[in-house]
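What follows is final15.txt (compact mmCIF, N, CA and C atoms).
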# COMPACT_ATOMS: atom_id res chain seq x y z
N MET A 1 -42.17 -10.32 -124.85
CA MET A 1 -43.05 -10.90 -125.85
C MET A 1 -43.25 -12.38 -125.56
N LYS A 2 -44.51 -12.79 -125.53
CA LYS A 2 -44.82 -14.20 -125.34
C LYS A 2 -45.23 -14.80 -126.69
N PRO A 3 -44.48 -15.79 -127.16
CA PRO A 3 -44.73 -16.33 -128.50
C PRO A 3 -45.88 -17.34 -128.52
N LEU A 4 -47.04 -16.93 -128.02
CA LEU A 4 -48.17 -17.84 -127.94
C LEU A 4 -49.10 -17.63 -129.13
N LYS A 5 -49.53 -18.73 -129.75
CA LYS A 5 -50.45 -18.60 -130.87
C LYS A 5 -51.71 -17.86 -130.45
N SER A 6 -52.15 -18.09 -129.23
CA SER A 6 -53.37 -17.43 -128.77
C SER A 6 -53.19 -15.91 -128.76
N GLN A 7 -52.02 -15.43 -128.38
CA GLN A 7 -51.77 -13.99 -128.36
C GLN A 7 -51.60 -13.44 -129.77
N ILE A 8 -50.92 -14.19 -130.62
CA ILE A 8 -50.76 -13.78 -132.01
C ILE A 8 -52.14 -13.65 -132.66
N LYS A 9 -53.01 -14.63 -132.39
CA LYS A 9 -54.36 -14.62 -132.97
C LYS A 9 -55.14 -13.40 -132.50
N ILE A 10 -55.05 -13.06 -131.23
CA ILE A 10 -55.73 -11.87 -130.70
C ILE A 10 -55.23 -10.62 -131.41
N ASP A 11 -53.91 -10.49 -131.52
CA ASP A 11 -53.32 -9.32 -132.18
C ASP A 11 -53.74 -9.25 -133.65
N ALA A 12 -53.67 -10.39 -134.34
CA ALA A 12 -54.03 -10.43 -135.76
C ALA A 12 -55.50 -10.07 -135.93
N ASP A 13 -56.35 -10.59 -135.08
CA ASP A 13 -57.78 -10.32 -135.18
C ASP A 13 -58.08 -8.83 -134.98
N LEU A 14 -57.45 -8.23 -133.97
CA LEU A 14 -57.66 -6.80 -133.71
C LEU A 14 -57.21 -5.95 -134.90
N LEU A 15 -56.03 -6.25 -135.41
CA LEU A 15 -55.50 -5.48 -136.55
C LEU A 15 -56.35 -5.68 -137.80
N LEU A 16 -56.70 -6.92 -138.06
CA LEU A 16 -57.48 -7.23 -139.25
C LEU A 16 -58.86 -6.57 -139.19
N THR A 17 -59.51 -6.65 -138.05
CA THR A 17 -60.82 -6.02 -137.88
C THR A 17 -60.72 -4.52 -138.11
N SER A 18 -59.71 -3.91 -137.56
CA SER A 18 -59.51 -2.47 -137.71
C SER A 18 -59.31 -2.09 -139.18
N PHE A 19 -58.47 -2.85 -139.87
CA PHE A 19 -58.21 -2.55 -141.28
C PHE A 19 -59.44 -2.80 -142.16
N ILE A 20 -60.14 -3.88 -141.90
CA ILE A 20 -61.35 -4.17 -142.69
C ILE A 20 -62.38 -3.06 -142.49
N ASP A 21 -62.60 -2.67 -141.24
CA ASP A 21 -63.55 -1.59 -140.96
C ASP A 21 -63.14 -0.31 -141.68
N ALA A 22 -61.86 0.01 -141.64
CA ALA A 22 -61.36 1.23 -142.29
C ALA A 22 -61.56 1.16 -143.81
N ILE A 23 -61.33 0.01 -144.39
CA ILE A 23 -61.50 -0.15 -145.84
C ILE A 23 -62.97 0.02 -146.22
N ILE A 24 -63.84 -0.60 -145.44
CA ILE A 24 -65.28 -0.50 -145.74
C ILE A 24 -65.74 0.95 -145.64
N VAL A 25 -65.34 1.64 -144.58
CA VAL A 25 -65.71 3.04 -144.42
C VAL A 25 -65.18 3.87 -145.58
N ARG A 26 -63.94 3.63 -145.94
CA ARG A 26 -63.31 4.40 -147.04
C ARG A 26 -64.04 4.18 -148.37
N LEU A 27 -64.41 2.93 -148.63
CA LEU A 27 -65.14 2.63 -149.87
C LEU A 27 -66.52 3.29 -149.89
N HIS A 28 -67.20 3.25 -148.75
CA HIS A 28 -68.52 3.89 -148.68
C HIS A 28 -68.40 5.40 -148.85
N GLN A 29 -67.37 5.97 -148.29
CA GLN A 29 -67.15 7.41 -148.45
C GLN A 29 -66.84 7.74 -149.92
N LYS A 30 -65.97 6.97 -150.52
CA LYS A 30 -65.57 7.23 -151.90
C LYS A 30 -66.76 7.14 -152.85
N TYR A 31 -67.60 6.14 -152.63
CA TYR A 31 -68.73 5.94 -153.54
C TYR A 31 -70.03 6.55 -153.03
N LYS A 32 -69.90 7.34 -151.96
CA LYS A 32 -71.03 8.11 -151.43
C LYS A 32 -72.31 7.28 -151.32
N THR A 33 -72.18 6.13 -150.68
CA THR A 33 -73.34 5.25 -150.50
C THR A 33 -74.32 5.88 -149.52
N SER A 34 -75.57 5.48 -149.64
CA SER A 34 -76.60 6.04 -148.76
C SER A 34 -76.63 5.34 -147.40
N SER A 35 -76.05 4.14 -147.32
CA SER A 35 -75.96 3.45 -146.02
C SER A 35 -74.83 2.43 -146.10
N GLY A 36 -74.54 1.87 -144.96
CA GLY A 36 -73.51 0.85 -144.89
C GLY A 36 -74.09 -0.50 -144.52
N ASP A 37 -75.39 -0.68 -144.81
CA ASP A 37 -76.07 -1.93 -144.44
C ASP A 37 -75.34 -3.14 -145.01
N ILE A 38 -75.34 -4.18 -144.20
CA ILE A 38 -74.73 -5.44 -144.62
C ILE A 38 -75.72 -6.55 -144.29
N SER A 39 -75.92 -7.45 -145.23
CA SER A 39 -76.87 -8.55 -145.00
C SER A 39 -76.24 -9.57 -144.04
N PRO A 40 -77.07 -10.36 -143.39
CA PRO A 40 -76.53 -11.40 -142.50
C PRO A 40 -75.57 -12.35 -143.24
N TYR A 41 -75.92 -12.69 -144.49
CA TYR A 41 -75.04 -13.59 -145.24
C TYR A 41 -73.72 -12.91 -145.59
N GLN A 42 -73.75 -11.63 -145.94
CA GLN A 42 -72.51 -10.90 -146.20
C GLN A 42 -71.66 -10.82 -144.94
N GLN A 43 -72.30 -10.59 -143.79
CA GLN A 43 -71.57 -10.55 -142.52
C GLN A 43 -70.93 -11.91 -142.23
N TYR A 44 -71.69 -12.97 -142.49
CA TYR A 44 -71.16 -14.33 -142.32
C TYR A 44 -69.94 -14.54 -143.22
N GLN A 45 -70.05 -14.15 -144.48
CA GLN A 45 -68.93 -14.32 -145.41
C GLN A 45 -67.72 -13.50 -144.95
N LEU A 46 -67.96 -12.29 -144.51
CA LEU A 46 -66.87 -11.44 -144.03
C LEU A 46 -66.21 -12.06 -142.80
N ASP A 47 -67.02 -12.56 -141.87
CA ASP A 47 -66.47 -13.20 -140.67
C ASP A 47 -65.65 -14.45 -141.02
N GLU A 48 -66.15 -15.24 -141.97
CA GLU A 48 -65.43 -16.44 -142.40
C GLU A 48 -64.10 -16.08 -143.06
N ALA A 49 -64.12 -15.08 -143.93
CA ALA A 49 -62.90 -14.65 -144.61
C ALA A 49 -61.89 -14.12 -143.59
N LYS A 50 -62.38 -13.31 -142.65
CA LYS A 50 -61.50 -12.77 -141.62
C LYS A 50 -60.90 -13.90 -140.77
N SER A 51 -61.72 -14.87 -140.42
CA SER A 51 -61.23 -16.01 -139.64
C SER A 51 -60.14 -16.78 -140.38
N THR A 52 -60.35 -16.99 -141.68
CA THR A 52 -59.37 -17.71 -142.50
C THR A 52 -58.05 -16.93 -142.58
N ILE A 53 -58.15 -15.64 -142.84
CA ILE A 53 -56.95 -14.80 -142.93
C ILE A 53 -56.24 -14.74 -141.58
N CYS A 54 -57.01 -14.59 -140.51
CA CYS A 54 -56.44 -14.51 -139.17
C CYS A 54 -55.68 -15.80 -138.83
N HIS A 55 -56.28 -16.94 -139.15
CA HIS A 55 -55.63 -18.23 -138.90
C HIS A 55 -54.32 -18.34 -139.70
N LEU A 56 -54.37 -17.97 -140.97
CA LEU A 56 -53.17 -18.01 -141.81
C LEU A 56 -52.08 -17.12 -141.25
N MET A 57 -52.44 -15.91 -140.86
CA MET A 57 -51.44 -14.98 -140.31
C MET A 57 -50.84 -15.53 -139.01
N THR A 58 -51.69 -16.08 -138.16
CA THR A 58 -51.22 -16.64 -136.90
C THR A 58 -50.21 -17.76 -137.15
N GLU A 59 -50.56 -18.67 -138.02
CA GLU A 59 -49.67 -19.80 -138.34
C GLU A 59 -48.36 -19.30 -138.96
N GLN A 60 -48.47 -18.34 -139.88
CA GLN A 60 -47.29 -17.84 -140.57
C GLN A 60 -46.34 -17.15 -139.60
N VAL A 61 -46.88 -16.34 -138.70
CA VAL A 61 -46.03 -15.64 -137.73
C VAL A 61 -45.41 -16.65 -136.76
N PHE A 62 -46.22 -17.58 -136.25
CA PHE A 62 -45.71 -18.55 -135.28
C PHE A 62 -44.59 -19.40 -135.87
N GLN A 63 -44.73 -19.83 -137.11
CA GLN A 63 -43.70 -20.68 -137.72
C GLN A 63 -42.38 -19.95 -137.93
N ASN A 64 -42.43 -18.63 -137.91
CA ASN A 64 -41.22 -17.85 -138.14
C ASN A 64 -40.63 -17.23 -136.88
N ILE A 65 -41.17 -17.60 -135.72
CA ILE A 65 -40.62 -17.09 -134.46
C ILE A 65 -39.26 -17.74 -134.22
N ASP A 66 -38.30 -16.95 -133.87
CA ASP A 66 -36.97 -17.45 -133.52
C ASP A 66 -36.98 -17.73 -132.01
N PHE A 67 -37.27 -18.97 -131.66
CA PHE A 67 -37.39 -19.32 -130.25
C PHE A 67 -36.07 -19.22 -129.49
N SER A 68 -34.97 -19.14 -130.21
CA SER A 68 -33.68 -18.98 -129.52
C SER A 68 -33.58 -17.62 -128.84
N THR A 69 -34.45 -16.68 -129.25
CA THR A 69 -34.43 -15.35 -128.63
C THR A 69 -35.44 -15.23 -127.49
N ILE A 70 -36.18 -16.31 -127.23
CA ILE A 70 -37.22 -16.30 -126.19
C ILE A 70 -36.68 -16.95 -124.93
N ASN A 71 -36.85 -16.27 -123.81
CA ASN A 71 -36.46 -16.84 -122.52
C ASN A 71 -37.63 -17.67 -122.00
N LEU A 72 -37.60 -18.96 -122.26
CA LEU A 72 -38.69 -19.85 -121.88
C LEU A 72 -38.89 -19.90 -120.37
N LYS A 73 -37.83 -19.65 -119.61
CA LYS A 73 -37.93 -19.70 -118.15
C LYS A 73 -38.84 -18.60 -117.60
N LYS A 74 -39.08 -17.55 -118.38
CA LYS A 74 -39.95 -16.47 -117.93
C LYS A 74 -41.43 -16.80 -118.12
N LEU A 75 -41.72 -17.85 -118.86
CA LEU A 75 -43.10 -18.24 -119.11
C LEU A 75 -43.59 -19.17 -118.01
N ASN A 76 -44.89 -19.11 -117.73
CA ASN A 76 -45.43 -20.02 -116.72
C ASN A 76 -45.73 -21.38 -117.34
N ARG A 77 -46.09 -22.33 -116.52
CA ARG A 77 -46.30 -23.70 -116.98
C ARG A 77 -47.40 -23.78 -118.04
N ASP A 78 -48.50 -23.05 -117.84
CA ASP A 78 -49.59 -23.07 -118.82
C ASP A 78 -49.14 -22.52 -120.17
N GLU A 79 -48.36 -21.45 -120.16
CA GLU A 79 -47.85 -20.88 -121.40
C GLU A 79 -46.90 -21.85 -122.09
N LEU A 80 -46.08 -22.52 -121.30
CA LEU A 80 -45.16 -23.51 -121.88
C LEU A 80 -45.94 -24.68 -122.48
N MET A 81 -47.01 -25.09 -121.80
CA MET A 81 -47.83 -26.18 -122.34
C MET A 81 -48.49 -25.76 -123.64
N GLU A 82 -48.92 -24.51 -123.73
CA GLU A 82 -49.52 -24.02 -124.96
C GLU A 82 -48.51 -24.05 -126.10
N ILE A 83 -47.30 -23.60 -125.84
CA ILE A 83 -46.27 -23.62 -126.87
C ILE A 83 -45.96 -25.06 -127.30
N ALA A 84 -45.83 -25.95 -126.33
CA ALA A 84 -45.56 -27.35 -126.65
C ALA A 84 -46.66 -27.93 -127.52
N LYS A 85 -47.91 -27.66 -127.19
CA LYS A 85 -49.03 -28.15 -128.00
C LYS A 85 -49.00 -27.53 -129.39
N ASP A 86 -48.69 -26.24 -129.45
CA ASP A 86 -48.62 -25.56 -130.75
C ASP A 86 -47.51 -26.13 -131.62
N LEU A 87 -46.49 -26.67 -130.98
CA LEU A 87 -45.39 -27.30 -131.71
C LEU A 87 -45.67 -28.78 -131.97
N ASP A 88 -46.90 -29.20 -131.68
CA ASP A 88 -47.37 -30.57 -131.90
C ASP A 88 -46.66 -31.61 -131.05
N TRP A 89 -46.29 -31.19 -129.84
CA TRP A 89 -45.69 -32.16 -128.92
C TRP A 89 -46.79 -33.08 -128.42
N ASN A 90 -46.53 -34.36 -128.41
CA ASN A 90 -47.54 -35.32 -127.95
C ASN A 90 -47.10 -36.05 -126.70
N GLY A 91 -46.34 -35.38 -125.86
CA GLY A 91 -45.88 -35.98 -124.62
C GLY A 91 -46.99 -36.08 -123.60
N SER A 92 -46.65 -36.58 -122.45
CA SER A 92 -47.62 -36.75 -121.37
C SER A 92 -47.67 -35.47 -120.55
N TRP A 93 -48.87 -34.89 -120.43
CA TRP A 93 -49.04 -33.58 -119.80
C TRP A 93 -49.22 -33.64 -118.29
N ASP A 94 -50.16 -34.45 -117.87
CA ASP A 94 -50.54 -34.47 -116.47
C ASP A 94 -50.47 -35.90 -115.95
N CYS A 95 -50.98 -36.10 -114.75
CA CYS A 95 -50.99 -37.45 -114.18
C CYS A 95 -51.76 -38.36 -115.11
N ASP A 96 -51.30 -39.59 -115.22
CA ASP A 96 -52.08 -40.56 -116.00
C ASP A 96 -52.38 -41.77 -115.12
N GLU A 97 -53.00 -42.77 -115.70
CA GLU A 97 -53.46 -43.93 -114.93
C GLU A 97 -52.32 -44.75 -114.34
N ASP A 98 -51.12 -44.59 -114.83
CA ASP A 98 -49.99 -45.37 -114.32
C ASP A 98 -49.31 -44.68 -113.15
N GLY A 99 -49.90 -43.60 -112.63
CA GLY A 99 -49.33 -42.91 -111.49
C GLY A 99 -48.22 -41.94 -111.87
N GLN A 100 -48.13 -41.59 -113.12
CA GLN A 100 -47.09 -40.65 -113.57
C GLN A 100 -47.37 -39.27 -113.01
N GLU A 101 -46.35 -38.60 -112.56
CA GLU A 101 -46.48 -37.23 -112.05
C GLU A 101 -46.66 -36.27 -113.22
N PRO A 102 -47.31 -35.13 -112.99
CA PRO A 102 -47.43 -34.14 -114.07
C PRO A 102 -46.05 -33.66 -114.51
N ILE A 103 -45.97 -33.29 -115.76
CA ILE A 103 -44.70 -32.79 -116.29
C ILE A 103 -44.34 -31.49 -115.56
N THR A 104 -43.08 -31.35 -115.25
CA THR A 104 -42.62 -30.14 -114.54
C THR A 104 -42.32 -29.04 -115.55
N LYS A 105 -42.18 -27.85 -115.04
CA LYS A 105 -41.83 -26.71 -115.89
C LYS A 105 -40.48 -26.96 -116.57
N GLU A 106 -39.54 -27.47 -115.83
CA GLU A 106 -38.21 -27.74 -116.39
C GLU A 106 -38.27 -28.78 -117.50
N GLU A 107 -39.10 -29.82 -117.31
CA GLU A 107 -39.25 -30.84 -118.34
C GLU A 107 -39.93 -30.26 -119.59
N LEU A 108 -40.87 -29.37 -119.38
CA LEU A 108 -41.52 -28.70 -120.51
C LEU A 108 -40.51 -27.88 -121.30
N ILE A 109 -39.70 -27.11 -120.58
CA ILE A 109 -38.66 -26.30 -121.25
C ILE A 109 -37.72 -27.19 -122.04
N GLU A 110 -37.31 -28.29 -121.45
CA GLU A 110 -36.42 -29.23 -122.15
C GLU A 110 -37.10 -29.80 -123.39
N SER A 111 -38.35 -30.19 -123.27
CA SER A 111 -39.08 -30.75 -124.41
C SER A 111 -39.25 -29.72 -125.52
N ILE A 112 -39.61 -28.49 -125.14
CA ILE A 112 -39.78 -27.43 -126.14
C ILE A 112 -38.45 -27.15 -126.83
N THR A 113 -37.39 -27.08 -126.07
CA THR A 113 -36.06 -26.84 -126.63
C THR A 113 -35.70 -27.93 -127.63
N ASN A 114 -36.00 -29.19 -127.29
CA ASN A 114 -35.74 -30.29 -128.20
C ASN A 114 -36.60 -30.20 -129.47
N LEU A 115 -37.88 -29.83 -129.30
CA LEU A 115 -38.75 -29.67 -130.46
C LEU A 115 -38.25 -28.57 -131.38
N ILE A 116 -37.83 -27.47 -130.80
CA ILE A 116 -37.36 -26.34 -131.58
C ILE A 116 -36.10 -26.70 -132.36
N SER A 117 -35.22 -27.44 -131.74
CA SER A 117 -33.96 -27.79 -132.40
C SER A 117 -34.19 -28.78 -133.56
N HIS A 118 -35.32 -29.47 -133.56
CA HIS A 118 -35.62 -30.42 -134.63
C HIS A 118 -36.53 -29.83 -135.71
N HIS A 119 -36.99 -28.60 -135.54
CA HIS A 119 -37.88 -27.98 -136.53
C HIS A 119 -37.08 -27.30 -137.61
Reformat the file's structure so that it appears as structure tokens.
Amino acid sequence: MKPLKSQIKIDADLLLTSFIDAIIVRLHQKYKTSSGDISPYQQYQLDEAKSTICHLMTEQVFQNIDFSTINLKKLNRDELMEIAKDLDWNGSWDCDEDGQEPITKEELIESITNLISHH
């Protein structure tokens, strides 16, 4: 399992879409509607609501991940950078104007470990 917000969001979106579609179909069946037409504005509202719920679910799941059970060494540098950003790390990522070398995978793991221990 990779504890990436991007992956959690994908999973939440797929599940939420599936459940919403099932609910709509069930309601139309129950009330024997003649069609399932949806106006553009209703679709917009549905998409906005789904986006809000998906974001909330993603944040809620991510904040409750027990990172002590995650082997950070199995993640690649990009995945580690995503986790660090998701944890609001504001360190130096890549080369900068002062000739600093890009952060290494080991330094990322150390930084994430420090962030986790302070959360």
Selection: 12 Å around range 40-49 of chain A, only C-alpha atoms, excl. self and same-chain fewer than 5 positions, as a PyMOL selection string: chain A and resi 13+16-17+20-21+24+54-56
Write out the residues from the selection above, keeping N, CA and C atoms, as a PDB file, keeping the file's coordinate frame.
ATOM      1  N   ASP A  13     -56.350 -10.590-135.080  1.00  0.00           N
ATOM      2  CA  ASP A  13     -57.780 -10.320-135.180  1.00  0.00           C
ATOM      3  C   ASP A  13     -58.080  -8.830-134.980  1.00  0.00           C
ATOM      4  N   LEU A  16     -56.700  -6.920-138.060  1.00  0.00           N
ATOM      5  CA  LEU A  16     -57.480  -7.230-139.250  1.00  0.00           C
ATOM      6  C   LEU A  16     -58.860  -6.570-139.190  1.00  0.00           C
ATOM      7  N   THR A  17     -59.510  -6.650-138.050  1.00  0.00           N
ATOM      8  CA  THR A  17     -60.820  -6.020-137.880  1.00  0.00           C
ATOM      9  C   THR A  17     -60.720  -4.520-138.110  1.00  0.00           C
ATOM     10  N   ILE A  20     -60.140  -3.880-141.900  1.00  0.00           N
ATOM     11  CA  ILE A  20     -61.350  -4.170-142.690  1.00  0.00           C
ATOM     12  C   ILE A  20     -62.380  -3.060-142.490  1.00  0.00           C
ATOM     13  N   ASP A  21     -62.600  -2.670-141.240  1.00  0.00           N
ATOM     14  CA  ASP A  21     -63.550  -1.590-140.960  1.00  0.00           C
ATOM     15  C   ASP A  21     -63.140  -0.310-141.680  1.00  0.00           C
ATOM     16  N   ILE A  24     -63.840  -0.600-145.440  1.00  0.00           N
ATOM     17  CA  ILE A  24     -65.280  -0.500-145.740  1.00  0.00           C
ATOM     18  C   ILE A  24     -65.740   0.950-145.640  1.00  0.00           C
ATOM     19  N   CYS A  54     -57.010 -14.590-140.510  1.00  0.00           N
ATOM     20  CA  CYS A  54     -56.440 -14.510-139.170  1.00  0.00           C
ATOM     21  C   CYS A  54     -55.680 -15.800-138.830  1.00  0.00           C
ATOM     22  N   HIS A  55     -56.280 -16.940-139.150  1.00  0.00           N
ATOM     23  CA  HIS A  55     -55.630 -18.230-138.900  1.00  0.00           C
ATOM     24  C   HIS A  55     -54.320 -18.340-139.700  1.00  0.00           C
ATOM     25  N   LEU A  56     -54.370 -17.970-140.970  1.00  0.00           N
ATOM     26  CA  LEU A  56     -53.170 -18.010-141.810  1.00  0.00           C
ATOM     27  C   LEU A  56     -52.080 -17.120-141.250  1.00  0.00           C
TER      28      LEU A  56
END
CA of Arg26 in chain A and atom N of Val61 in chain A, how far apart in Å? 27.7 Å
Taking the DSSP assignment computed from this structure's backbone, write out as a ChimeraX atom specification all residues of chain A that belong to helix (DSSP H, G or I). /A:5-30,40-63,67-69,72-74,77-86,105-118
Anything within 12 Å of (-44.6, -17.4, -120.7): list those residues as a ChimeraX atom specification, counting only C-alpha atoms and sticking to the file's coordinates. /A:1-7,70-84,105,108-109
